[in-house]
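A quick write-up on the structure given underneath.
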Amino acid sequence: MFSLCGLTINYAPPGLTLYPNPPNPQNPHTPHTPSLAGHMGQPQWSEFFPDCGGSGQSPINVDAAQSKYEPRLATIRPLGYSQHGNEPFTLSNNGHTVTMPLPSWMGVAGLPWQFSAVQLHLHWGNGASVTTGSEHTINGRSTAAELHIVHYNSELYENVSMAMTKRDGLAVLGILMEVGEETNQAYANIINYLNRIRHAGQRVSIPAFDIQTLLPSDLHSYYRYNGSLTTPPCYQSVLWTVFSETVKLSMPQLMKLDTLLYASEEGASQPSVLQDNYRATQPINQRVVLASFQRGQYRRTIAARHTLPHHSHIRAKTYPHHSGYTTTPLYHTIATTLPHHSNHSTTP
Ligand SMILES: [Zn+2]
């Protein structure tokens, strides 16, 4: 098992542990590691995981005024999200987040390659405020929580283990969650089962449901940038899509998310609550954040986008020739497999 973006995935070869979970004081080869939950210890992550100190880390604050409108960014198209079948899903508390593996036949199109689903998980706050909990912020503003749906580049890599260390390996959809008046029935499919997995290591089977209902209705309007996993090992392998439209959960739903779970196992002598499992925003450095929409034109015609081929390498390769970017355009960056610590500011 290994951990990805704060949670453990079961698809990796056994024995591959990319960060200690938890640290083992009996094993002299296991370094004393910082806390991975909450904000405690985040500045120390890079001592143990050098990528966490890289120049292309996530999350970031998206400054809308500094983002660059890019009309060639395609509408996000979930593939198979609604064809969940009859197999139940498995929801788990891994001590860092609540996570749910997704079938690999689910995927997402509208990206430069074909990406297959891996899992989803959540980040949240501590119940004291509905204005903190998300990882990404927009114009300096965080929201109550954030959903991440993780995919790997199944066009270039055999599995997520191989993909997660590559520059073009992962694609994550980020959905910001806010408080609203009504119960969100889509998220109820997850929230209603949290009381069954209150302690780390617990899991529960839940009825399969339409994953697409977790997304905002507007899949045209989003921010796009190259970033990283938001937990150690912080690999800079993520093509991020952060939707402009938020989803709304009721206050009771958000309170359950904020307060029900423990980071400790059942019966622990010193139980610790699982809260504030979001990372602070990271320097944007030389990166460009693209916007698929123009400010003030939140919903607009997408006819032009439909003329573009889907996940086209041709588009990726020709893109820089038509751009006036002073920093590496995103498609060029991900179209070329760059070394891990490549300089984003290199002009093509
Ligand atoms: Zn995450």
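Ordering of the structure tokens sets the chain letters (A, B, ...), residue numbers begin anew at 1 in every chain, and ligands are numbered from 1 in the order given.
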
Next on the checklist: Env of Leu215 of chain A: 10 Å cut, atoms = only C-alpha atoms, seq-sep filter 6 positions within chain, self excluded. Answer as number ranges by chain.
Outcome noted: A: 78, 147, 149, 173-176, 186-187, 243, 245-247

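Surrounding segment 119-128 of chain A within 6 Å are Val98, Thr99, Met100, Pro101, Leu102, Thr132, Gly133, Ser134, Ala145, Glu146, Leu147, His148, Ile149, Val150, Met255, Asp258, Gln275, Asp276, Asn277 and Tyr278 of chain A, with only C-alpha atoms counted and residues fewer than 4 positions along the same chain left out.
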
Let me see the file: selected residues, N, CA and C atoms, as a tab-separated table (two decimals), in the first residue's frame.
chain	number	residue	atom	x	y	z
A	98	VAL	N	-10.91	10.70	4.47
A	98	VAL	CA	-11.85	9.65	4.08
A	98	VAL	C	-11.66	9.45	2.58
A	99	THR	N	-11.55	8.21	2.19
A	99	THR	CA	-11.20	7.92	0.80
A	99	THR	C	-12.03	6.78	0.25
A	100	MET	N	-12.18	6.78	-1.06
A	100	MET	CA	-12.98	5.75	-1.73
A	100	MET	C	-12.32	5.41	-3.06
A	101	PRO	N	-11.83	4.18	-3.22
A	101	PRO	CA	-11.27	3.78	-4.52
A	101	PRO	C	-12.35	3.84	-5.60
A	102	LEU	N	-11.94	4.17	-6.80
A	102	LEU	CA	-12.87	4.20	-7.93
A	102	LEU	C	-12.43	3.17	-8.96
A	132	THR	N	-12.71	27.87	6.32
A	132	THR	CA	-11.44	27.17	6.15
A	132	THR	C	-11.70	25.68	6.02
A	133	GLY	N	-10.82	25.04	5.30
A	133	GLY	CA	-10.96	23.60	5.09
A	133	GLY	C	-10.50	23.19	3.70
A	134	SER	N	-10.70	24.07	2.73
A	134	SER	CA	-10.25	23.73	1.37
A	134	SER	C	-8.74	23.87	1.27
A	145	ALA	N	-14.47	23.05	2.49
A	145	ALA	CA	-13.92	21.72	2.24
A	145	ALA	C	-13.58	21.60	0.75
A	146	GLU	N	-12.92	20.51	0.40
A	146	GLU	CA	-12.54	20.31	-1.00
A	146	GLU	C	-12.52	18.82	-1.31
A	147	LEU	N	-13.13	18.48	-2.42
A	147	LEU	CA	-13.12	17.10	-2.92
A	147	LEU	C	-12.04	16.96	-3.98
A	148	HIS	N	-11.27	15.89	-3.92
A	148	HIS	CA	-10.29	15.58	-4.94
A	148	HIS	C	-10.62	14.24	-5.58
A	149	ILE	N	-10.73	14.24	-6.90
A	149	ILE	CA	-10.92	12.99	-7.63
A	149	ILE	C	-9.65	12.75	-8.44
A	150	VAL	N	-8.93	11.69	-8.06
A	150	VAL	CA	-7.58	11.43	-8.57
A	150	VAL	C	-7.65	10.47	-9.76
A	255	MET	N	-20.68	19.86	9.31
A	255	MET	CA	-20.30	19.60	10.70
A	255	MET	C	-19.96	18.13	10.91
A	258	ASP	N	-16.54	17.68	9.57
A	258	ASP	CA	-15.53	18.35	10.39
A	258	ASP	C	-15.29	17.66	11.74
A	275	GLN	N	-8.97	16.52	11.76
A	275	GLN	CA	-9.45	17.84	11.35
A	275	GLN	C	-8.34	18.61	10.67
A	276	ASP	N	-8.75	19.65	9.95
A	276	ASP	CA	-7.78	20.55	9.31
A	276	ASP	C	-6.75	19.77	8.49
A	277	ASN	N	-7.23	18.81	7.73
A	277	ASN	CA	-6.32	17.98	6.93
A	277	ASN	C	-6.08	18.61	5.56
A	278	TYR	N	-5.82	19.89	5.57
A	278	TYR	CA	-5.50	20.60	4.33
A	278	TYR	C	-4.11	21.20	4.45

Please return as a CSV table (one decimal) with C-alpha atoms, in the first residue's frame: the residues of segment 185-240 of chain A that backbone DSSP assigns to strand (DSSP E or B).
chain,number,residue,atom,x,y,z
A,203,ARG,CA,-14.0,0.9,6.3
A,204,VAL,CA,-17.6,0.4,5.2
A,205,SER,CA,-19.3,-0.8,2.1
A,206,ILE,CA,-21.7,1.8,0.7
A,222,TYR,CA,-12.1,25.9,-14.4
A,223,TYR,CA,-8.5,26.8,-13.5
A,224,ARG,CA,-5.7,24.7,-14.8
A,225,TYR,CA,-2.1,24.5,-13.6
A,226,ASN,CA,0.8,22.0,-13.0
A,227,GLY,CA,1.3,21.1,-9.4
A,238,VAL,CA,-0.4,16.5,-11.0
A,239,LEU,CA,-2.3,18.3,-13.8
A,240,TRP,CA,-4.7,20.2,-11.6

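Between atom CA of Gln42 of chain A and atom CA of Arg198 of chain A lies a distance of 24.2 Å.
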
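Atom CA of Ser237 of chain A sits 27.9 Å away from atom CA of Gln83 of chain A.
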
Using the chain letters and numbers from this document, which residues of segment 7-255 of chain A does DSSP assign to helix (DSSP H, G or I), as a CSV table (one decimal) with N, CA and C atoms, in the first residue's frame?
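Done, and the output landed in part33.csv:
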chain,number,residue,atom,x,y,z
A,42,GLN,N,4.0,20.7,8.7
A,42,GLN,CA,4.1,20.9,7.3
A,42,GLN,C,5.4,21.6,6.9
A,43,PRO,N,5.9,22.5,7.6
A,43,PRO,CA,7.2,23.1,7.2
A,43,PRO,C,8.3,22.1,7.2
A,44,GLN,N,8.2,21.0,8.0
A,44,GLN,CA,9.2,20.0,8.0
A,44,GLN,C,9.1,18.9,7.0
A,45,TRP,N,8.1,18.9,6.3
A,45,TRP,CA,7.9,17.8,5.3
A,45,TRP,C,9.1,17.7,4.4
A,46,SER,N,9.6,18.8,3.9
A,46,SER,CA,10.7,18.8,2.9
A,46,SER,C,12.0,18.2,3.5
A,47,GLU,N,12.1,18.1,4.8
A,47,GLU,CA,13.3,17.5,5.4
A,47,GLU,C,13.3,16.0,5.1
A,48,PHE,N,12.1,15.5,5.0
A,48,PHE,CA,12.0,14.0,4.8
A,48,PHE,C,11.6,13.7,3.3
A,50,PRO,N,12.0,15.6,-0.1
A,50,PRO,CA,12.5,16.8,-0.8
A,50,PRO,C,11.6,17.4,-1.8
A,51,ASP,N,10.7,16.6,-2.4
A,51,ASP,CA,9.8,17.2,-3.4
A,51,ASP,C,8.9,18.2,-2.7
A,52,CYS,N,8.6,18.1,-1.5
A,52,CYS,CA,7.7,19.0,-0.8
A,52,CYS,C,8.3,20.4,-0.7
A,53,GLY,N,9.5,20.6,-1.0
A,53,GLY,CA,10.1,21.9,-1.0
A,53,GLY,C,10.4,22.3,-2.5
A,64,ALA,N,-7.4,35.2,-9.7
A,64,ALA,CA,-8.2,35.2,-11.0
A,64,ALA,C,-7.7,36.3,-11.9
A,65,ALA,N,-7.3,37.4,-11.4
A,65,ALA,CA,-6.8,38.5,-12.2
A,65,ALA,C,-5.5,38.1,-12.9
A,66,GLN,N,-4.7,37.3,-12.3
A,66,GLN,CA,-3.4,36.9,-12.8
A,66,GLN,C,-3.5,35.6,-13.7
A,160,VAL,N,-1.1,3.4,-11.5
A,160,VAL,CA,-0.9,4.7,-10.8
A,160,VAL,C,0.4,4.7,-10.1
A,161,SER,N,1.0,3.6,-9.7
A,161,SER,CA,2.3,3.6,-9.0
A,161,SER,C,3.4,4.1,-10.0
A,162,MET,N,3.3,3.7,-11.2
A,162,MET,CA,4.3,4.1,-12.2
A,162,MET,C,4.0,5.6,-12.6
A,163,ALA,N,2.7,6.0,-12.6
A,163,ALA,CA,2.4,7.3,-13.1
A,163,ALA,C,2.7,8.4,-12.1
A,185,GLN,N,-27.8,15.8,-1.7
A,185,GLN,CA,-28.1,14.4,-1.7
A,185,GLN,C,-26.9,13.6,-2.3
A,186,ALA,N,-26.1,14.2,-3.2
A,186,ALA,CA,-25.0,13.5,-3.8
A,186,ALA,C,-24.0,13.2,-2.7
A,187,TYR,N,-23.6,14.2,-1.9
A,187,TYR,CA,-22.6,14.0,-0.9
A,187,TYR,C,-23.1,13.3,0.3
A,188,ALA,N,-24.5,13.2,0.4
A,188,ALA,CA,-25.1,12.4,1.5
A,188,ALA,C,-24.7,10.9,1.3
A,189,ASN,N,-24.4,10.5,0.1
A,189,ASN,CA,-24.0,9.1,-0.2
A,189,ASN,C,-22.7,8.8,0.5
A,190,ILE,N,-21.9,9.8,0.8
A,190,ILE,CA,-20.6,9.6,1.6
A,190,ILE,C,-20.8,10.0,3.1
A,191,ILE,N,-21.3,11.2,3.3
A,191,ILE,CA,-21.4,11.8,4.6
A,191,ILE,C,-22.2,10.9,5.6
A,194,LEU,N,-20.2,8.3,7.4
A,194,LEU,CA,-18.9,8.6,8.2
A,194,LEU,C,-19.0,8.1,9.6
A,195,ASN,N,-20.2,8.0,10.2
A,195,ASN,CA,-20.3,7.5,11.5
A,195,ASN,C,-20.0,6.0,11.6
A,196,ARG,N,-19.8,5.4,10.5
A,196,ARG,CA,-19.4,3.9,10.5
A,196,ARG,C,-17.9,3.8,10.4
A,211,ILE,N,-21.1,9.1,-9.4
A,211,ILE,CA,-20.0,10.0,-9.0
A,211,ILE,C,-20.1,11.3,-9.7
A,212,GLN,N,-20.7,11.4,-10.8
A,212,GLN,CA,-20.8,12.7,-11.5
A,212,GLN,C,-21.6,13.7,-10.7
A,213,THR,N,-22.5,13.2,-9.9
A,213,THR,CA,-23.4,14.1,-9.1
A,213,THR,C,-22.6,14.9,-8.1
A,214,LEU,N,-21.3,14.4,-7.8
A,214,LEU,CA,-20.5,15.2,-6.9
A,214,LEU,C,-19.8,16.4,-7.5
A,251,MET,N,-25.1,22.9,6.5
A,251,MET,CA,-24.3,23.0,7.7
A,251,MET,C,-24.2,21.7,8.4
A,252,PRO,N,-25.3,21.0,8.7
A,252,PRO,CA,-25.2,19.7,9.4
A,252,PRO,C,-24.2,18.7,8.6
A,253,GLN,N,-24.3,18.7,7.3
A,253,GLN,CA,-23.3,17.8,6.6
A,253,GLN,C,-21.9,18.2,6.8
A,254,LEU,N,-21.6,19.5,6.7
A,254,LEU,CA,-20.3,20.0,6.9
A,254,LEU,C,-19.8,19.7,8.4
A,255,MET,N,-20.7,19.9,9.3
A,255,MET,CA,-20.3,19.6,10.7
A,255,MET,C,-20.0,18.1,10.9

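Closest approach to ligand 1 from the set A:Arg77, A:Arg295, A:Arg279, A:Lys248 is made by A:Arg279, with distances taken over only C-alpha atoms and all ligand atoms.
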
Checklist entry - Restricting the calculation to only C-alpha atoms and all ligand atoms, which member of A:Gly180, A:Gly41, A:Pro232, A:Pro103 is positioned closest to ligand 1? => result A:Pro232

Checklist entry - Separation of atom CA of Ser244 of chain A and atom CA of Ala74 of chain A, in Å? => result 14.3 Å

Next on the checklist: Considering only C-alpha atoms, can you say which of A:Ser129, A:Asn93, A:Lys256, A:Ser221 comes closest to Glu70 of chain A?
Outcome noted: A:Ser221
